[in-house]
Amino acid sequence: MPATILLVEDEPAIQELIAANLGRAGHHVVRAADAEAARGIVQSALPDLVLLDWMLPGMSGIEFARRLRADERTRAIPIIMLTARGEEEDAVAGLETGADDYITKPFSPRELVARIKAVLRRRSPQATEDVVAIGALRLDPATHRVTADEAQVSLGPTEFRLLHFLMTHPERVHSRAQLLDQVWGDHVFVEERTVDVHVRRLRAALEPTGLDQLIQTVRGSGYRLSAQVGSSAVQ
């Protein structure tokens, strides 16, 4: 599934090469030549992943990664560090800042795309095209199909994204604000109660299959998808 990738790289030729290859892989690439420009982009809208050069003019990539991890709004963004520094202590330093992976230049475009896919699968599974199944419920992002015991479930685009996120993060409770950020995007300003409307629509679509109870309301906290019906769930 296409991901929005923030590429922070100050060398124009390398930036162009990486952006072209990621574009061919289906990703949307937003570019920044330094950390200050990258900060402005992140403040406007959160990317799915940050591809971050270690050596940047002004603020270093390491310092920018630290700042992303220190901010509650950005701490969950996956980060891959790019660097010409191949020593083990440099790799350790990069990972200790909170980076999810570390790639030493030069690298092949195929390796980079594969690493991005692996990090997204671990950190942002809703940004991949992997089929997700929980019990009788199956969601295929590539074909945009949802089935329950082989029966087709018809969902609108927002309900599909909501179900995809919940299925890739099962058993976790998500507040309305968190769901707005993850499903609608943190740059979209809508009322939190909008989430309730779409949860009701999602449950209504699942009701004929008997799987609507997978979507649980947790009093005072938000929603979760769970195969276990607990006392904290209110349908």
# chains A, B, ... in the order shown; residues from 1 in each chain; ligands from 1
call {"tool": "residues_around", "arguments": {"residues": "stretch 175-185 of chain A", "least_positions_apart": "2", "cutoff": "8 Å", "atoms": "only C-alpha atoms", "output": "ChimeraX atom specification"}}
result
/A:45-46,158,161-162,165,173,187-188,192-193,195,221-223
call {"tool": "write_last_selection", "arguments": {"atoms": "N, CA, C and O atoms", "output": "PDB file, in the first residue's frame"}}
result
ATOM      1  N   ALA A  45       1.582  17.823   8.681  1.00  0.00           N
ATOM      2  CA  ALA A  45       0.938  16.499   8.555  1.00  0.00           C
ATOM      3  C   ALA A  45       1.969  15.417   8.828  1.00  0.00           C
ATOM      4  O   ALA A  45       3.122  15.519   8.388  1.00  0.00           O
ATOM      5  N   LEU A  46       1.567  14.379   9.537  1.00  0.00           N
ATOM      6  CA  LEU A  46       2.485  13.304   9.883  1.00  0.00           C
ATOM      7  C   LEU A  46       2.690  12.363   8.700  1.00  0.00           C
ATOM      8  O   LEU A  46       1.724  11.888   8.107  1.00  0.00           O
ATOM      9  N   THR A 158     -14.078   5.299   4.580  1.00  0.00           N
ATOM     10  CA  THR A 158     -13.651   5.627   5.947  1.00  0.00           C
ATOM     11  C   THR A 158     -13.823   4.426   6.858  1.00  0.00           C
ATOM     12  O   THR A 158     -12.949   4.137   7.698  1.00  0.00           O
ATOM     13  N   ARG A 161     -10.943   2.031   6.229  1.00  0.00           N
ATOM     14  CA  ARG A 161      -9.696   2.449   6.888  1.00  0.00           C
ATOM     15  C   ARG A 161      -9.779   2.247   8.401  1.00  0.00           C
ATOM     16  O   ARG A 161      -8.792   1.835   9.038  1.00  0.00           O
ATOM     17  N   LEU A 162     -10.934   2.537   8.977  1.00  0.00           N
ATOM     18  CA  LEU A 162     -11.119   2.357  10.418  1.00  0.00           C
ATOM     19  C   LEU A 162     -10.980   0.887  10.797  1.00  0.00           C
ATOM     20  O   LEU A 162     -10.264   0.541  11.754  1.00  0.00           O
ATOM     21  N   PHE A 165      -7.291  -0.277  10.471  1.00  0.00           N
ATOM     22  CA  PHE A 165      -6.459   0.133  11.598  1.00  0.00           C
ATOM     23  C   PHE A 165      -6.760  -0.709  12.835  1.00  0.00           C
ATOM     24  O   PHE A 165      -5.836  -1.179  13.514  1.00  0.00           O
ATOM     25  N   VAL A 173      -6.817  -0.433  23.185  1.00  0.00           N
ATOM     26  CA  VAL A 173      -7.855   0.590  23.284  1.00  0.00           C
ATOM     27  C   VAL A 173      -7.327   1.876  22.654  1.00  0.00           C
ATOM     28  O   VAL A 173      -6.223   2.330  22.978  1.00  0.00           O
ATOM     29  N   HIS A 187      -3.875  16.170  10.429  1.00  0.00           N
ATOM     30  CA  HIS A 187      -4.049  17.494   9.847  1.00  0.00           C
ATOM     31  C   HIS A 187      -5.505  17.770   9.475  1.00  0.00           C
ATOM     32  O   HIS A 187      -5.818  18.845   8.967  1.00  0.00           O
ATOM     33  N   VAL A 188      -6.387  16.796   9.702  1.00  0.00           N
ATOM     34  CA  VAL A 188      -7.810  16.954   9.394  1.00  0.00           C
ATOM     35  C   VAL A 188      -8.539  17.329  10.674  1.00  0.00           C
ATOM     36  O   VAL A 188      -8.449  16.613  11.678  1.00  0.00           O
ATOM     37  N   GLU A 192     -14.488  14.961  17.407  1.00  0.00           N
ATOM     38  CA  GLU A 192     -14.192  13.600  17.858  1.00  0.00           C
ATOM     39  C   GLU A 192     -15.407  12.692  17.746  1.00  0.00           C
ATOM     40  O   GLU A 192     -15.266  11.481  17.534  1.00  0.00           O
ATOM     41  N   ARG A 193     -16.607  13.265  17.875  1.00  0.00           N
ATOM     42  CA  ARG A 193     -17.823  12.448  17.793  1.00  0.00           C
ATOM     43  C   ARG A 193     -18.036  11.890  16.393  1.00  0.00           C
ATOM     44  O   ARG A 193     -18.863  10.992  16.197  1.00  0.00           O
ATOM     45  N   VAL A 195     -16.005  10.054  15.004  1.00  0.00           N
ATOM     46  CA  VAL A 195     -15.569   8.661  15.148  1.00  0.00           C
ATOM     47  C   VAL A 195     -16.754   7.776  15.525  1.00  0.00           C
ATOM     48  O   VAL A 195     -16.919   6.677  14.981  1.00  0.00           O
ATOM     49  N   SER A 221     -12.800   5.497  27.610  1.00  0.00           N
ATOM     50  CA  SER A 221     -11.487   5.392  26.961  1.00  0.00           C
ATOM     51  C   SER A 221     -11.549   5.471  25.441  1.00  0.00           C
ATOM     52  O   SER A 221     -10.783   6.201  24.823  1.00  0.00           O
ATOM     53  N   GLY A 222     -12.428   4.712  24.815  1.00  0.00           N
ATOM     54  CA  GLY A 222     -12.496   4.711  23.360  1.00  0.00           C
ATOM     55  C   GLY A 222     -12.979   3.387  22.825  1.00  0.00           C
ATOM     56  O   GLY A 222     -13.922   2.794  23.362  1.00  0.00           O
ATOM     57  N   TYR A 223     -12.299   2.897  21.789  1.00  0.00           N
ATOM     58  CA  TYR A 223     -12.734   1.679  21.103  1.00  0.00           C
ATOM     59  C   TYR A 223     -11.568   0.711  20.943  1.00  0.00           C
ATOM     60  O   TYR A 223     -10.404   1.100  20.918  1.00  0.00           O
TER      61      TYR A 223
END
call {"tool": "residues_around", "arguments": {"residues": "A:Asp100", "least_positions_apart": "4", "cutoff": "8 Å", "atoms": "only C-alpha atoms", "output": "list in words"}}
result
Pro78, Ile79, Ile80, Leu95 and Val119 of chain A
call {"tool": "select_by_dssp", "arguments": {"residues": "stretch 94-233 of chain A", "states": "helix (DSSP H, G or I)", "output": "PyMOL selection string"}}
result
chain A and resi 94-96+109-123+125-127+157-168+176-185+193-209+212-214
call {"tool": "residues_around", "arguments": {"residues": "A:Val30", "least_positions_apart": "6", "cutoff": "12 Å", "atoms": "only C-alpha atoms", "output": "JSON list (two decimals) with N, CA, C and O atoms, in the first residue's frame"}}
result
[["chain", "number", "residue", "atom", "x", "y", "z"],
["A", 3, "ALA", "N", 2.71, 4.52, 0.84],
["A", 3, "ALA", "CA", 2.94, 5.23, 2.09],
["A", 3, "ALA", "C", 3.48, 6.62, 1.78],
["A", 3, "ALA", "O", 4.13, 6.84, 0.75],
["A", 4, "THR", "N", 3.20, 7.57, 2.67],
["A", 4, "THR", "CA", 3.78, 8.91, 2.55],
["A", 4, "THR", "C", 5.10, 8.91, 3.30],
["A", 4, "THR", "O", 5.13, 8.69, 4.51],
["A", 5, "ILE", "N", 6.19, 9.12, 2.59],
["A", 5, "ILE", "CA", 7.53, 9.04, 3.17],
["A", 5, "ILE", "C", 8.18, 10.42, 3.12],
["A", 5, "ILE", "O", 8.27, 11.04, 2.06],
["A", 6, "LEU", "N", 8.62, 10.89, 4.28],
["A", 6, "LEU", "CA", 9.37, 12.14, 4.36],
["A", 6, "LEU", "C", 10.85, 11.82, 4.18],
["A", 6, "LEU", "O", 11.44, 11.13, 5.02],
["A", 7, "LEU", "N", 11.43, 12.29, 3.10],
["A", 7, "LEU", "CA", 12.85, 12.06, 2.80],
["A", 7, "LEU", "C", 13.63, 13.32, 3.18],
["A", 7, "LEU", "O", 13.42, 14.39, 2.60],
["A", 8, "VAL", "N", 14.53, 13.18, 4.16],
["A", 8, "VAL", "CA", 15.34, 14.31, 4.62],
["A", 8, "VAL", "C", 16.78, 14.04, 4.19],
["A", 8, "VAL", "O", 17.49, 13.24, 4.80],
["A", 9, "GLU", "N", 17.18, 14.68, 3.10],
["A", 9, "GLU", "CA", 18.49, 14.41, 2.48],
["A", 9, "GLU", "C", 18.96, 15.70, 1.81],
["A", 9, "GLU", "O", 18.23, 16.31, 1.03],
["A", 15, "GLN", "N", 18.97, 12.68, -3.22],
["A", 15, "GLN", "CA", 17.55, 12.90, -2.95],
["A", 15, "GLN", "C", 16.70, 12.54, -4.16],
["A", 15, "GLN", "O", 15.67, 11.85, -4.04],
["A", 16, "GLU", "N", 17.14, 12.97, -5.35],
["A", 16, "GLU", "CA", 16.39, 12.70, -6.57],
["A", 16, "GLU", "C", 16.34, 11.20, -6.87],
["A", 16, "GLU", "O", 15.30, 10.65, -7.25],
["A", 18, "ILE", "N", 16.68, 8.61, -4.73],
["A", 18, "ILE", "CA", 15.84, 7.91, -3.75],
["A", 18, "ILE", "C", 14.37, 8.18, -4.03],
["A", 18, "ILE", "O", 13.54, 7.27, -4.05],
["A", 19, "ALA", "N", 14.03, 9.45, -4.27],
["A", 19, "ALA", "CA", 12.64, 9.81, -4.51],
["A", 19, "ALA", "C", 12.09, 9.11, -5.75],
["A", 19, "ALA", "O", 10.94, 8.64, -5.75],
["A", 20, "ALA", "N", 12.90, 9.02, -6.80],
["A", 20, "ALA", "CA", 12.46, 8.37, -8.03],
["A", 20, "ALA", "C", 12.17, 6.89, -7.80],
["A", 20, "ALA", "O", 11.16, 6.35, -8.26],
["A", 22, "LEU", "N", 11.50, 5.37, -4.89],
["A", 22, "LEU", "CA", 10.35, 5.19, -4.00],
["A", 22, "LEU", "C", 9.05, 5.49, -4.74],
["A", 22, "LEU", "O", 8.03, 4.85, -4.49],
["A", 23, "GLY", "N", 9.10, 6.47, -5.64],
["A", 23, "GLY", "CA", 7.93, 6.77, -6.45],
["A", 23, "GLY", "C", 7.55, 5.59, -7.34],
["A", 23, "GLY", "O", 6.37, 5.25, -7.47],
["A", 37, "ALA", "N", 13.39, 22.30, 7.66],
["A", 37, "ALA", "CA", 12.33, 22.14, 6.67],
["A", 37, "ALA", "C", 11.49, 20.90, 6.99],
["A", 37, "ALA", "O", 10.26, 20.92, 6.85],
["A", 38, "ALA", "N", 12.15, 19.85, 7.45],
["A", 38, "ALA", "CA", 11.44, 18.63, 7.80],
["A", 38, "ALA", "C", 10.49, 18.86, 8.99],
["A", 38, "ALA", "O", 9.38, 18.33, 9.02],
["A", 40, "GLY", "N", 8.91, 21.58, 9.71],
["A", 40, "GLY", "CA", 7.73, 22.28, 9.21],
["A", 40, "GLY", "C", 6.76, 21.33, 8.53],
["A", 40, "GLY", "O", 5.54, 21.44, 8.70],
["A", 41, "ILE", "N", 7.30, 20.38, 7.78],
["A", 41, "ILE", "CA", 6.45, 19.40, 7.10],
["A", 41, "ILE", "C", 5.72, 18.52, 8.11],
["A", 41, "ILE", "O", 4.52, 18.27, 8.00],
["A", 42, "VAL", "N", 6.45, 18.06, 9.12],
["A", 42, "VAL", "CA", 5.86, 17.19, 10.14],
["A", 42, "VAL", "C", 4.79, 17.93, 10.94],
["A", 42, "VAL", "O", 3.77, 17.34, 11.34],
["A", 44, "SER", "N", 2.83, 20.10, 9.81],
["A", 44, "SER", "CA", 1.64, 20.23, 8.97],
["A", 44, "SER", "C", 0.88, 18.92, 8.88],
["A", 44, "SER", "O", -0.35, 18.90, 9.00],
["A", 45, "ALA", "N", 1.58, 17.82, 8.68],
["A", 45, "ALA", "CA", 0.94, 16.50, 8.56],
["A", 45, "ALA", "C", 1.97, 15.42, 8.83],
["A", 45, "ALA", "O", 3.12, 15.52, 8.39],
["A", 46, "LEU", "N", 1.57, 14.38, 9.54],
["A", 46, "LEU", "CA", 2.49, 13.30, 9.88],
["A", 46, "LEU", "C", 2.69, 12.36, 8.70],
["A", 46, "LEU", "O", 1.72, 11.89, 8.11],
["A", 47, "PRO", "N", 3.94, 12.07, 8.35],
["A", 47, "PRO", "CA", 4.20, 11.06, 7.32],
["A", 47, "PRO", "C", 4.05, 9.65, 7.91],
["A", 47, "PRO", "O", 3.99, 9.48, 9.14],
["A", 48, "ASP", "N", 4.03, 8.66, 7.03],
["A", 48, "ASP", "CA", 4.00, 7.27, 7.50],
["A", 48, "ASP", "C", 5.38, 6.80, 7.94],
["A", 48, "ASP", "O", 5.50, 5.88, 8.76],
["A", 49, "LEU", "N", 6.42, 7.43, 7.40],
["A", 49, "LEU", "CA", 7.80, 7.02, 7.72],
["A", 49, "LEU", "C", 8.73, 8.18, 7.38],
["A", 49, "LEU", "O", 8.48, 8.93, 6.43],
["A", 50, "VAL", "N", 9.81, 8.31, 8.16],
["A", 50, "VAL", "CA", 10.84, 9.31, 7.89],
["A", 50, "VAL", "C", 12.12, 8.61, 7.47],
["A", 50, "VAL", "O", 12.61, 7.72, 8.19],
["A", 51, "LEU", "N", 12.63, 8.98, 6.30],
["A", 51, "LEU", "CA", 13.91, 8.48, 5.80],
["A", 51, "LEU", "C", 14.90, 9.61, 6.02],
["A", 51, "LEU", "O", 14.83, 10.65, 5.36],
["A", 52, "LEU", "N", 15.83, 9.42, 6.95],
["A", 52, "LEU", "CA", 16.58, 10.55, 7.52],
["A", 52, "LEU", "C", 18.09, 10.38, 7.36],
["A", 52, "LEU", "O", 18.68, 9.41, 7.87]]
call {"tool": "atom_distance", "arguments": {"atom1": "atom CA of A:Lys105", "atom2": "atom CA of A:Glu11"}}
result
12.6 Å
call {"tool": "select_by_dssp", "arguments": {"residues": "stretch 5-212 of chain A", "states": "strand (DSSP E or B)", "output": "number ranges by chain"}}
result
A: 5-8, 28-32, 49-53, 79-83, 101-104, 132-134, 137-140, 145-148, 151-153, 174
call {"tool": "write_last_selection", "arguments": {"atoms": "C-alpha atoms", "output": "PDB file, in the first residue's frame"}}
result
ATOM      1  CA  ILE A   5       7.533   9.045   3.171  1.00  0.00           C
ATOM      2  CA  LEU A   6       9.370  12.140   4.355  1.00  0.00           C
ATOM      3  CA  LEU A   7      12.846  12.061   2.798  1.00  0.00           C
ATOM      4  CA  VAL A   8      15.342  14.309   4.621  1.00  0.00           C
ATOM      5  CA  HIS A  28       4.393   9.346  -2.121  1.00  0.00           C
ATOM      6  CA  VAL A  29       7.627  11.161  -1.273  1.00  0.00           C
ATOM      7  CA  VAL A  30       7.807  14.521   0.479  1.00  0.00           C
ATOM      8  CA  ARG A  31      11.315  16.040   0.390  1.00  0.00           C
ATOM      9  CA  ALA A  32      13.286  18.223   2.784  1.00  0.00           C
ATOM     10  CA  LEU A  49       7.796   7.024   7.722  1.00  0.00           C
ATOM     11  CA  VAL A  50      10.843   9.313   7.887  1.00  0.00           C
ATOM     12  CA  LEU A  51      13.915   8.475   5.801  1.00  0.00           C
ATOM     13  CA  LEU A  52      16.579  10.546   7.518  1.00  0.00           C
ATOM     14  CA  ASP A  53      20.169  11.319   6.515  1.00  0.00           C
ATOM     15  CA  ILE A  79      12.475   6.295  11.247  1.00  0.00           C
ATOM     16  CA  ILE A  80      15.151   4.823   8.983  1.00  0.00           C
ATOM     17  CA  MET A  81      18.586   6.460   9.190  1.00  0.00           C
ATOM     18  CA  LEU A  82      20.720   6.863   6.057  1.00  0.00           C
ATOM     19  CA  THR A  83      24.437   7.358   6.497  1.00  0.00           C
ATOM     20  CA  ASP A 101      16.545   0.747  11.037  1.00  0.00           C
ATOM     21  CA  TYR A 102      19.919   1.932   9.766  1.00  0.00           C
ATOM     22  CA  ILE A 103      21.146   1.724   6.167  1.00  0.00           C
ATOM     23  CA  THR A 104      24.744   2.449   5.165  1.00  0.00           C
ATOM     24  CA  VAL A 132      -5.357  -9.210   7.886  1.00  0.00           C
ATOM     25  CA  ALA A 133      -7.591 -11.897   9.413  1.00  0.00           C
ATOM     26  CA  ILE A 134      -9.177 -12.145  12.845  1.00  0.00           C
ATOM     27  CA  LEU A 137     -13.193 -11.608   9.459  1.00  0.00           C
ATOM     28  CA  ARG A 138     -10.713 -11.047   6.622  1.00  0.00           C
ATOM     29  CA  LEU A 139      -9.552  -7.744   5.114  1.00  0.00           C
ATOM     30  CA  ASP A 140      -7.484  -7.448   1.935  1.00  0.00           C
ATOM     31  CA  ARG A 145     -12.367  -6.376   0.081  1.00  0.00           C
ATOM     32  CA  VAL A 146     -13.707  -7.437   3.455  1.00  0.00           C
ATOM     33  CA  THR A 147     -15.241 -10.865   3.941  1.00  0.00           C
ATOM     34  CA  ALA A 148     -16.801 -12.728   6.849  1.00  0.00           C
ATOM     35  CA  ALA A 151     -19.519 -13.444   2.606  1.00  0.00           C
ATOM     36  CA  GLN A 152     -18.735 -10.009   1.191  1.00  0.00           C
ATOM     37  CA  VAL A 153     -19.010  -7.054   3.607  1.00  0.00           C
ATOM     38  CA  HIS A 174      -7.731   3.679  21.063  1.00  0.00           C
TER      39      HIS A 174
END
call {"tool": "residues_around", "arguments": {"residues": "A:Arg66", "least_positions_apart": "5", "cutoff": "9 Å", "atoms": "only C-alpha atoms", "output": "list in words"}}
result
Gly61, Asp71, Thr97, Gly98 and Ala99 of chain A
call {"tool": "closest_residue", "arguments": {"among": "A:Lys117, A:Asp149, A:Pro170, A:Val197", "to": "A:Ile215", "atoms": "only C-alpha atoms"}}
result
A:Pro170
call {"tool": "atom_distance", "arguments": {"atom1": "atom CA of A:Leu211", "atom2": "atom CA of A:Ala136"}}
result
8.2 Å
call {"tool": "atom_distance", "arguments": {"atom1": "atom CA of A:Asp10", "atom2": "atom CA of A:Arg121"}}
result
27.4 Å
call {"tool": "residues_around", "arguments": {"residues": "A:Ser154", "least_positions_apart": "5", "cutoff": "12 Å", "atoms": "only C-alpha atoms", "output": "JSON, numbers by chain"}}
result
{"A": [139, 144, 145, 146, 147, 148, 159, 160, 163, 201, 202, 203, 204, 205, 206, 207, 208, 209]}
